[in-house]
>>> print(open('final22.cif').read())   # mmCIF, C-alpha atoms and all ligand atoms
data_entry
#
loop_
_atom_site.label_atom_id
_atom_site.label_comp_id
_atom_site.auth_asym_id
_atom_site.auth_seq_id
_atom_site.Cartn_x
_atom_site.Cartn_y
_atom_site.Cartn_z
CA MET A 1 47.02 26.53 -11.42
CA ASP A 2 50.63 25.43 -11.68
CA LEU A 3 50.96 21.73 -12.23
CA GLY A 4 54.75 21.83 -12.18
CA GLY A 5 56.73 21.67 -8.97
CA ASN A 6 57.15 19.02 -6.38
CA ALA A 7 54.23 16.63 -6.09
CA ILE A 8 54.83 15.94 -2.41
CA SER A 9 54.95 19.55 -1.27
CA LEU A 10 51.89 20.22 -3.36
CA LEU A 11 50.02 17.43 -1.65
CA VAL A 12 50.98 18.47 1.84
CA SER A 13 49.92 22.02 1.17
CA GLN A 14 46.63 20.88 -0.33
CA GLU A 15 45.49 18.47 2.33
CA ARG A 16 45.39 20.84 5.29
CA ALA A 17 45.87 18.42 8.16
CA TYR A 18 44.92 20.67 11.02
CA SER A 19 43.26 19.84 14.30
CA LEU A 20 40.33 22.09 15.11
CA SER A 21 40.59 21.33 18.82
CA VAL A 22 43.60 23.64 19.28
CA LYS A 23 43.58 27.31 18.44
CA GLU A 24 46.41 27.06 15.86
CA GLY A 25 44.41 24.56 13.86
CA TRP A 26 41.20 26.47 14.30
CA PHE A 27 42.82 29.72 13.12
CA GLN A 28 44.38 27.91 10.14
CA MET A 29 40.97 26.61 9.15
CA VAL A 30 39.40 30.04 9.53
CA ASP A 31 42.14 31.76 7.53
CA ALA A 32 42.47 29.13 4.83
CA PRO A 33 41.44 30.55 1.46
CA ALA A 34 38.65 28.78 -0.40
CA ARG A 35 40.05 25.90 -2.40
CA GLU A 36 40.49 26.49 -6.07
CA GLN A 37 38.81 24.09 -8.45
CA PRO A 38 41.41 22.38 -10.66
CA PRO A 39 41.00 23.40 -14.31
CA ALA A 40 38.94 21.13 -16.52
CA LYS A 41 40.85 19.17 -19.16
CA THR A 42 39.67 17.25 -22.20
CA ILE A 43 40.60 13.62 -22.79
CA LYS A 44 43.01 14.84 -25.45
CA GLN A 45 44.70 17.23 -23.04
CA LEU A 46 44.99 14.49 -20.45
CA ALA A 47 46.65 12.24 -22.99
CA ALA A 48 49.13 14.96 -23.87
CA MET A 49 50.32 15.37 -20.26
CA SER A 50 53.65 14.00 -19.14
CA GLU A 51 53.55 11.31 -16.49
CA GLY A 52 54.57 13.77 -13.75
CA GLU A 53 52.03 16.36 -14.83
CA ARG A 54 49.32 13.77 -14.89
CA LEU A 55 50.28 12.50 -11.45
CA ARG A 56 50.09 16.01 -9.99
CA TYR A 57 46.85 16.82 -11.78
CA ASP A 58 45.22 13.64 -10.48
CA GLU A 59 46.43 14.34 -6.94
CA LEU A 60 44.96 17.82 -7.15
CA ARG A 61 41.67 16.36 -8.31
CA ALA A 62 41.67 13.69 -5.62
CA VAL A 63 42.13 16.25 -2.83
CA TRP A 64 39.59 18.54 -4.45
CA HIS A 65 36.95 15.82 -4.77
CA ALA A 66 37.53 14.71 -1.18
CA ASN A 67 36.84 18.22 0.14
CA LEU A 68 33.83 19.48 -1.79
CA GLY A 69 31.86 22.14 0.02
CA PRO A 70 30.61 23.03 2.48
CA ILE A 71 27.59 23.33 0.24
CA GLN A 72 24.98 25.85 1.35
CA THR A 73 22.12 23.43 1.81
CA PRO A 74 18.74 24.59 3.15
CA GLN A 75 19.54 22.59 6.30
CA LEU A 76 22.78 24.48 6.80
CA ALA A 77 21.16 27.84 6.06
CA GLN A 78 18.35 27.14 8.49
CA VAL A 79 20.59 26.13 11.38
CA HIS A 80 22.89 29.09 10.73
CA GLU A 81 19.95 31.45 10.73
CA HIS A 82 18.89 30.21 14.16
CA LEU A 83 22.42 30.33 15.50
CA TRP A 84 22.93 33.90 14.32
CA GLU A 85 19.71 34.85 16.00
CA ILE A 86 20.88 33.31 19.25
CA VAL A 87 24.40 34.77 19.31
CA ASP A 88 23.23 38.13 18.06
CA SER A 89 20.73 38.44 20.84
CA ASN A 90 23.19 37.22 23.47
CA ARG A 91 24.27 40.69 24.39
CA GLN A 92 23.19 40.59 27.99
CA ASP A 93 25.67 41.77 30.58
CA GLY A 94 27.99 39.15 32.01
CA ASP A 95 25.87 38.38 35.03
CA LYS A 96 22.88 37.30 32.96
CA VAL A 97 22.59 33.86 31.47
CA LYS A 98 22.85 33.57 27.72
CA GLY A 99 20.84 31.43 25.34
CA SER A 100 22.35 28.17 24.11
CA ALA A 101 21.67 25.74 21.31
CA SER A 102 22.03 22.09 20.50
CA ILE A 103 22.39 20.54 17.07
CA ASP A 104 20.92 17.11 17.45
CA ALA A 105 20.67 14.69 14.51
CA HIS A 106 21.73 11.29 13.19
CA PRO A 107 25.34 10.71 12.20
CA GLY A 108 26.54 11.83 8.81
CA LEU A 109 23.94 14.51 8.20
CA GLY A 110 26.39 17.38 8.38
CA LYS A 111 26.17 18.56 12.00
CA THR A 112 29.90 19.07 12.44
CA THR A 113 30.18 20.73 9.04
CA ILE A 114 27.38 23.12 9.92
CA ALA A 115 28.73 23.94 13.39
CA VAL A 116 32.29 24.49 12.16
CA ALA A 117 31.16 26.64 9.23
CA PHE A 118 29.15 28.75 11.63
CA GLY A 119 32.08 29.01 14.03
CA ARG A 120 34.29 30.14 11.16
CA ASP A 121 31.84 32.84 10.03
CA PHE A 122 31.34 34.03 13.59
CA HIS A 123 35.09 34.11 14.24
CA ARG A 124 35.72 36.17 11.11
CA ARG A 125 33.00 38.62 11.97
CA GLN A 126 34.23 39.11 15.52
CA LEU A 127 37.74 39.88 14.30
CA GLU A 128 36.36 42.24 11.68
CA LEU A 129 34.30 44.05 14.29
CA TYR A 130 36.73 44.17 17.19
CA GLY A 131 40.21 43.51 15.83
CA GLU A 132 42.80 40.89 16.65
CA ALA A 133 43.47 41.92 20.24
CA SER A 134 40.99 41.27 23.02
CA THR A 135 39.79 43.95 25.44
CA SER A 136 42.51 42.96 27.88
CA GLY A 137 45.18 43.07 25.19
CA ASP A 138 45.48 39.32 24.68
CA GLN A 139 44.85 37.46 21.46
CA ARG A 140 41.18 37.55 20.52
CA ILE A 141 39.88 33.99 20.27
CA PRO A 142 36.16 34.33 19.58
CA VAL A 143 35.42 30.62 19.21
CA VAL A 144 36.43 27.47 21.06
CA TYR A 145 35.77 24.13 19.41
CA LEU A 146 36.10 20.86 21.33
CA ALA A 147 35.26 17.33 20.20
CA LEU A 148 34.59 15.06 23.16
CA THR A 149 35.75 11.47 23.42
CA GLY A 150 34.19 8.53 25.22
CA THR A 151 36.54 8.95 28.12
CA THR A 152 36.13 12.65 28.76
CA THR A 153 36.38 13.37 32.47
CA MET A 154 36.26 16.67 34.32
CA TRP A 155 40.01 16.76 34.27
CA THR A 156 40.41 15.99 30.55
CA LEU A 157 37.63 18.40 29.61
CA ASN A 158 39.23 21.31 31.43
CA SER A 159 42.62 20.27 30.17
CA MET A 160 41.26 20.22 26.59
CA LEU A 161 39.87 23.70 27.08
CA CYS A 162 43.25 24.96 28.30
CA ARG A 163 45.02 23.14 25.48
CA PHE A 164 42.80 24.87 22.95
CA TYR A 165 44.23 28.17 24.21
CA ALA A 166 47.78 26.71 24.34
CA HIS A 167 47.82 27.54 28.04
CA PRO A 168 51.19 26.42 29.49
CA GLY A 169 49.40 24.87 32.47
CA ALA A 170 47.11 22.69 30.37
CA GLU A 171 48.47 19.40 31.70
CA SER A 172 49.08 20.14 35.36
CA GLY A 173 47.03 20.58 38.48
CA ASN A 174 43.65 19.19 39.43
CA ALA A 175 40.35 19.60 37.60
CA THR A 176 39.37 22.68 39.60
CA GLN A 177 42.65 24.44 38.93
CA LEU A 178 42.35 23.61 35.24
CA ALA A 179 38.77 24.92 35.20
CA GLY A 180 40.04 28.17 36.71
CA ARG A 181 42.67 28.51 34.00
CA ALA A 182 40.13 27.75 31.30
CA ALA A 183 37.81 30.40 32.71
CA ASP A 184 40.68 32.93 32.67
CA CYS A 185 41.35 32.11 29.02
CA VAL A 186 37.71 32.51 28.01
CA LEU A 187 37.56 35.89 29.70
CA SER A 188 40.91 37.28 28.63
CA CYS A 189 40.51 36.16 25.00
CA ASP A 190 36.93 37.46 24.70
CA THR A 191 35.61 34.05 23.68
CA LYS A 192 31.96 34.39 22.74
CA LEU A 193 31.10 30.98 21.29
CA VAL A 194 31.88 27.52 22.64
CA ILE A 195 31.13 24.58 20.34
CA ILE A 196 31.16 21.19 22.03
CA ASP A 197 30.98 18.42 19.44
CA ASP A 198 30.16 14.72 19.85
CA VAL A 199 28.41 15.26 23.17
CA HIS A 200 26.67 11.88 22.71
CA LEU A 201 29.97 10.22 23.56
CA LEU A 202 29.37 11.16 27.18
CA ASP A 203 27.90 8.05 28.74
CA MET A 204 25.33 9.27 31.21
CA ASN A 205 25.51 6.00 33.10
CA ARG A 206 29.02 6.85 34.13
CA ARG A 207 29.62 9.11 37.07
CA ASP A 208 32.54 10.76 35.29
CA SER A 209 30.34 11.72 32.38
CA ARG A 210 27.53 13.01 34.55
CA ALA A 211 30.04 15.20 36.30
CA VAL A 212 31.17 16.55 32.94
CA ALA A 213 27.59 17.30 31.91
CA ASN A 214 27.09 19.10 35.19
CA HIS A 215 30.25 20.99 34.60
CA PHE A 216 28.90 22.21 31.25
CA LYS A 217 25.96 23.60 33.11
CA TRP A 218 28.34 25.46 35.37
CA LEU A 219 30.49 26.68 32.48
CA ALA A 220 27.49 27.85 30.50
CA ASN A 221 26.31 29.82 33.49
CA GLN A 222 29.77 31.07 34.28
CA PHE A 223 31.06 32.12 30.90
CA PRO A 224 29.73 35.08 28.99
CA ALA A 225 29.57 32.90 25.88
CA THR A 226 27.00 31.07 23.79
CA PHE A 227 27.25 27.29 24.04
CA VAL A 228 26.43 25.05 21.11
CA PHE A 229 26.26 21.34 21.86
CA VAL A 230 26.45 18.99 18.90
CA GLY A 231 25.62 15.31 18.98
CA VAL A 232 23.43 12.34 18.16
CA GLY A 233 20.19 11.62 19.98
CA LEU A 234 20.83 14.16 22.71
CA ALA A 235 17.16 14.46 23.55
CA ASP A 236 16.71 10.69 23.76
CA ARG A 237 19.73 10.22 25.90
CA SER A 238 18.27 12.73 28.33
CA LEU A 239 21.67 14.28 28.22
CA LEU A 240 20.39 17.72 27.55
CA THR A 241 17.39 17.57 29.78
CA GLU A 242 18.79 15.74 32.76
CA GLY A 243 22.54 15.83 32.33
CA LEU A 244 22.69 19.47 31.42
CA GLY A 245 19.80 20.26 33.69
CA LEU A 246 17.64 21.91 31.11
CA ALA A 247 14.54 20.50 32.70
CA ASP A 248 15.48 21.95 36.08
CA ALA A 249 12.96 24.46 37.31
CA ALA A 250 15.79 26.43 38.83
CA TYR A 251 17.52 26.47 35.50
CA ALA A 252 14.45 27.68 33.70
CA GLN A 253 14.21 30.51 36.18
CA THR A 254 17.63 31.78 35.23
CA GLY A 255 16.04 32.74 31.97
CA ARG A 256 18.27 30.67 29.77
CA ARG A 257 16.65 30.03 26.48
CA TRP A 258 17.58 26.69 25.05
CA THR A 259 17.10 26.14 21.36
CA PRO A 260 17.20 22.57 20.08
CA LEU A 261 18.09 22.47 16.38
CA THR A 262 18.20 19.51 14.07
CA VAL A 263 19.42 18.57 10.60
CA ALA A 264 17.05 16.62 8.37
CA PRO A 265 18.21 14.18 5.70
CA PHE A 266 17.29 15.02 2.14
CA GLU A 267 13.92 13.65 1.10
CA VAL A 268 12.28 12.96 -2.25
CA HIS A 269 8.68 12.40 -1.21
CA THR A 270 7.63 15.96 -1.99
CA GLU A 271 8.20 18.09 -5.08
CA GLY A 272 10.05 20.63 -2.90
CA GLY A 273 12.28 17.89 -1.57
CA ARG A 274 13.06 16.66 -5.06
CA GLU A 275 13.89 20.18 -6.23
CA THR A 276 16.28 20.60 -3.32
CA TRP A 277 17.86 17.24 -4.11
CA ARG A 278 18.36 18.28 -7.71
CA ARG A 279 19.88 21.63 -6.77
CA LEU A 280 22.28 19.83 -4.48
CA LEU A 281 23.26 17.36 -7.21
CA LEU A 282 23.68 20.18 -9.73
CA GLY A 283 25.99 21.93 -7.26
CA ILE A 284 28.02 18.77 -6.84
CA GLU A 285 28.06 18.08 -10.57
CA GLN A 286 29.50 21.47 -11.36
CA MET A 287 32.31 20.88 -8.92
CA LEU A 288 33.44 17.59 -10.42
CA VAL A 289 36.59 17.72 -12.50
CA LEU A 290 36.20 14.86 -14.93
CA ALA A 291 37.04 15.05 -18.61
CA ASN A 292 33.93 13.21 -19.85
CA LYS A 293 31.48 15.01 -17.61
CA HIS A 294 28.26 16.18 -19.27
CA HIS A 295 25.42 18.41 -18.07
CA GLY A 296 22.93 16.32 -16.14
CA MET A 297 25.43 13.51 -15.49
CA VAL A 298 24.76 13.70 -11.77
CA ALA A 299 21.66 15.88 -11.42
CA ASP A 300 19.50 13.99 -13.93
CA ASP A 301 21.03 10.64 -14.85
CA LEU A 302 22.02 9.69 -11.30
CA ALA A 303 19.34 11.42 -9.22
CA ASP A 304 17.40 8.24 -8.36
CA TYR A 305 20.47 6.10 -8.13
CA LEU A 306 22.32 8.39 -5.74
CA TYR A 307 19.27 8.83 -3.56
CA ALA A 308 18.78 5.10 -3.29
CA ARG A 309 22.38 4.52 -2.38
CA SER A 310 22.69 7.37 0.11
CA THR A 311 19.10 7.46 1.39
CA GLY A 312 19.56 11.21 1.43
CA HIS A 313 22.43 11.11 3.91
CA PHE A 314 25.13 13.61 3.19
CA ALA A 315 28.07 11.54 4.35
CA SER A 316 27.03 8.52 2.26
CA LEU A 317 26.39 10.70 -0.79
CA MET A 318 29.75 12.44 -0.59
CA THR A 319 31.64 9.22 0.07
CA LEU A 320 30.07 7.71 -3.03
CA VAL A 321 30.83 10.75 -5.15
CA THR A 322 34.42 11.03 -3.93
CA ARG A 323 35.14 7.33 -4.41
CA GLY A 324 33.28 7.31 -7.72
CA CYS A 325 35.46 10.16 -8.99
CA HIS A 326 38.55 8.32 -7.83
CA ARG A 327 37.46 5.27 -9.80
CA ALA A 328 36.46 7.34 -12.83
CA ILE A 329 39.91 8.90 -12.91
CA LYS A 330 41.86 5.69 -12.28
CA SER A 331 39.91 3.74 -14.88
CA GLY A 332 40.13 6.51 -17.46
CA GLU A 333 36.34 6.60 -17.82
CA GLU A 334 36.36 10.18 -16.58
CA ARG A 335 32.61 10.20 -15.91
CA LEU A 336 30.21 8.92 -13.29
CA THR A 337 27.70 6.26 -14.27
CA ALA A 338 25.51 3.88 -12.28
CA LYS A 339 27.59 1.01 -13.57
CA LEU A 340 30.81 2.54 -12.31
CA LEU A 341 29.28 3.51 -8.97
CA ASP A 342 27.95 -0.02 -8.53
CA ARG A 343 31.53 -1.04 -7.99
CA VAL A 344 32.03 1.50 -5.19
CA ARG A 345 31.27 0.32 -1.71
CA ASN A 346 29.47 2.56 0.75
CA ASP A 347 28.75 2.36 4.47
CA ALA A 348 26.71 -0.60 5.67
CA ALA A 349 23.58 1.31 6.72
CA ALA A 350 23.27 2.94 3.32
CA GLU A 351 23.82 -0.38 1.55
CA GLN A 352 21.01 -1.97 3.49
CA ALA A 353 18.44 0.71 2.75
CA ARG A 354 19.49 0.74 -0.86
CA GLN A 355 17.79 -2.48 -1.96
CA GLU A 356 14.37 -1.33 -0.87
CA LEU A 357 14.66 2.12 -2.43
CA MET A 358 16.04 0.74 -5.68
CA ALA A 359 12.99 -1.52 -5.89
CA ALA A 360 10.67 1.46 -5.37
CA PHE A 361 12.47 3.55 -8.00
CA GLY A 362 12.54 0.60 -10.37
CA ALA A 363 8.80 0.02 -10.05
CA GLY A 364 8.14 3.69 -10.72
CA ARG A 365 6.62 4.13 -7.28
CA LEU A 366 9.17 6.76 -6.36
CA THR A 367 11.36 9.26 -8.14
CA ALA A 368 14.05 11.60 -6.90
CA ARG A 369 13.64 13.84 -9.94
CA PRO A 370 11.42 16.92 -9.78
CA ARG A 371 8.97 17.65 -12.59
CA ALA A 372 10.50 21.05 -13.24
CA ARG A 373 14.18 20.84 -14.07
CA GLY A 374 15.32 24.35 -13.20
CA ALA A 375 18.95 25.30 -13.48
CA LYS A 376 19.20 26.59 -9.93
CA VAL A 377 22.36 25.38 -8.25
CA MET A 378 23.22 25.21 -4.59
CA ASP A 379 25.95 27.54 -3.44
CA THR A 380 29.04 25.40 -3.08
CA GLY A 381 31.05 28.00 -1.26
CA THR A 382 34.26 27.29 -3.15
CA SER A 383 36.13 29.34 -5.69
CA ARG A 384 36.05 28.12 -9.23
CA SER A 385 38.22 28.90 -12.17
CA GLY A 386 36.20 30.38 -14.99
CA ASN A 387 32.68 29.33 -14.23
CA SER A 388 30.61 32.44 -13.92
CA SER A 389 27.23 30.75 -14.21
CA LEU A 390 27.79 29.56 -10.67
CA ALA A 391 28.58 32.98 -9.29
CA SER A 392 26.68 32.97 -6.07
CA GLY A 393 26.57 35.62 -3.45
CA LYS A 394 25.27 34.76 -0.02
CA ARG A 395 21.79 33.59 -0.76
CA ARG A 396 19.55 33.05 2.19
CA ARG A 397 17.10 30.37 1.34
CA ARG A 398 13.98 29.86 3.33
CA PRO A 399 14.05 26.43 4.92
CA ARG A 400 11.67 23.97 3.41
CA SER A 401 8.91 22.94 5.73
N1 LIG A 501 27.29 21.16 3.70
C1 LIG A 501 28.03 20.14 3.23
N2 LIG A 501 28.66 20.24 2.04
C2 LIG A 501 29.38 19.22 1.54
N3 LIG A 501 29.55 18.04 2.16
C3 LIG A 501 28.95 17.88 3.35
C4 LIG A 501 28.17 18.91 3.96
N4 LIG A 501 27.70 18.43 5.14
C5 LIG A 501 28.16 17.18 5.25
N5 LIG A 501 28.91 16.84 4.19
C6 LIG A 501 29.55 15.55 3.94
O1 LIG A 501 29.08 14.62 4.91
C7 LIG A 501 30.14 14.16 5.73
C8 LIG A 501 29.68 14.07 7.16
O2 LIG A 501 29.40 15.36 7.66
P1 LIG A 501 29.57 15.73 9.19
O3 LIG A 501 29.41 17.20 9.29
O4 LIG A 501 30.82 15.13 9.73
O5 LIG A 501 28.31 14.99 9.79
P2 LIG A 501 27.92 14.69 11.31
O6 LIG A 501 28.74 15.58 12.18
O7 LIG A 501 26.45 14.98 11.36
O8 LIG A 501 28.19 13.23 11.50
C9 LIG A 501 31.25 15.16 5.53
O9 LIG A 501 32.51 14.56 5.67
C10 LIG A 501 31.03 15.62 4.11
O10 LIG A 501 31.60 14.72 3.20
MG MG A 502 30.16 15.09 13.66
#
>>> encode(input="final22.cif", output="structure tokens")
Amino acid sequence: MDLGGNAISLLVSQERAYSLSVKEGWFQMVDAPAREQPPAKTIKQLAAMSEGERLRYDELRAVWHANLGPIQTPQLAQVHEHLWEIVDSNRQDGDKVKGSASIDAHPGLGKTTIAVAFGRDFHRRQLELYGEASTSGDQRIPVVYLALTGTTTMWTLNSMLCRFYAHPGAESGNATQLAGRAADCVLSCDTKLVIIDDVHLLDMNRRDSRAVANHFKWLANQFPATFVFVGVGLADRSLLTEGLGLADAAYAQTGRRWTPLTVAPFEVHTEGGRETWRRLLLGIEQMLVLANKHHGMVADDLADYLYARSTGHFASLMTLVTRGCHRAIKSGEERLTAKLLDRVRNDAAAEQARQELMAAFGAGRLTARPRARGAKVMDTGTSRSGNSSLASGKRRRRPRS
């Protein structure tokens, strides 16, 4: 990796500021090569760097540490397995209703990551199978990804759909006209998968939102595509059952199979859970680029600590790790320790649960460390310079029960 060159251009090219809700951004994400892990340096080598070199190296590390993964967790593998099953069996002719899925779980557990990673894999496979042009000679756009907002109305939803396709008429006309254009795009671009993220932002007490939910029902019946709805507490909010009409007898008769999927937090109450936790931490540890890193720094020494502070929530864990690395680099410590991480602040929910868990770990009532310390690492899905022990083909892990 070249550390020379302009620091600014290097940063811009590393950070990848694309929006997934428009096809350009989505295609950029799909086509982006796996990030390359910055080379490891010793303290001595760091000291020998010029100021500019050091600045660029630290920027590279900062961007790298902020974008670790997606890691192939059992949760991710399990949801992907179900999604493949659903899309692969959705080969009915256009007039038959296709199966759909929802990914329903608490915030920060990796729903969006899982859905986007699946969309990317599916996109790539469709292009590999059928080429870049659609049946009608347009651009093939196998996947549409939309993230809803709290104020999504029929008009904005259909406009967002059209905007994803860069349709010139995305901002004009009424909701029905926009829906017609969106439908044309889906058909002419051979779109097979529609991912609707943050569905929980639809407030079912608002008429606007109920209309949108109803519209999804119409779209899902209309389009020859698999719909994946992603959100928090969808079942509780009766969004899926009432809003999207999944409880309707008439709907059931259309033969649509609805598969609700969820993403569990990591747990350490069973030996299997602790093994998974350790494999995850080992995967993370191997990705860290810190000069004073040692084997077991994360996976063994910080297993309890990180569990207590994240309560097994992915977002909290990764925020801690990223900020911890930032601090380790800035302070020159170049390693993660509980003492250093104590100075890193995390989200409020995680902080609250932390006290209780720390007490349990401290009293020996609970441990996040498995009895057997295998060397099995979770697939981190990123390219690494010179670390063959991590070489990991696509492993399909059975989900833990
Ligand atoms: N498979 C994964 N590998 C690495 N980091 C992940 C993974 N899943 C989630 N994360 C971390 O957790 C954060 C939240 O994930 P996200 O997918 O946005 O969760 P959700 O959509 O459930 O709120 C991400 O920004 C990332 O840091
Ligand atoms: Mg999300």
>>> residues_near_ligand(input="final22.cif", ligand="ligand MG 502 (chain A)", cutoff="10 Å", atoms="only C-alpha atoms and all ligand atoms", output="PyMOL selection string")
chain A and resi 105-116+147+197-199+230-232
>>> axis_aligned_box(input="final22.cif", around="ligand LIG 501 (chain A)", padding_each_side="4 Å", output="AutoDock Vina command-line options")
--center_x 29.5 --center_y 17.2 --center_z 6.9 --size_x 14.1 --size_y 15.9 --size_z 18.6
>>> closest_residue(input="final22.cif", among="A:Thr270, A:Thr337, A:Ser134, A:Thr322", to="ligand LIG 501 (chain A)", atoms="all atoms listed in the file")
A:Thr322
>>> atom_distance(input="final22.cif", atom1="CA of Gly137 (chain A)", atom2="CA of Arg163 (chain A)")
19.9 Å
>>> residues_around(input="final22.cif", residues="region 220-228 of chain A", least_positions_apart="3", cutoff="6 Å", atoms="all atoms listed in the file", output="list in words")
Gly94, Val97, Ser100, Ala101, Ser102, Lys192, Leu193, Val194, Ile195, Phe216 and Lys217 of chain A
>>> atom_distance(input="final22.cif", atom1="CA of Ala182 (chain A)", atom2="CA of Gly233 (chain A)")
28.0 Å
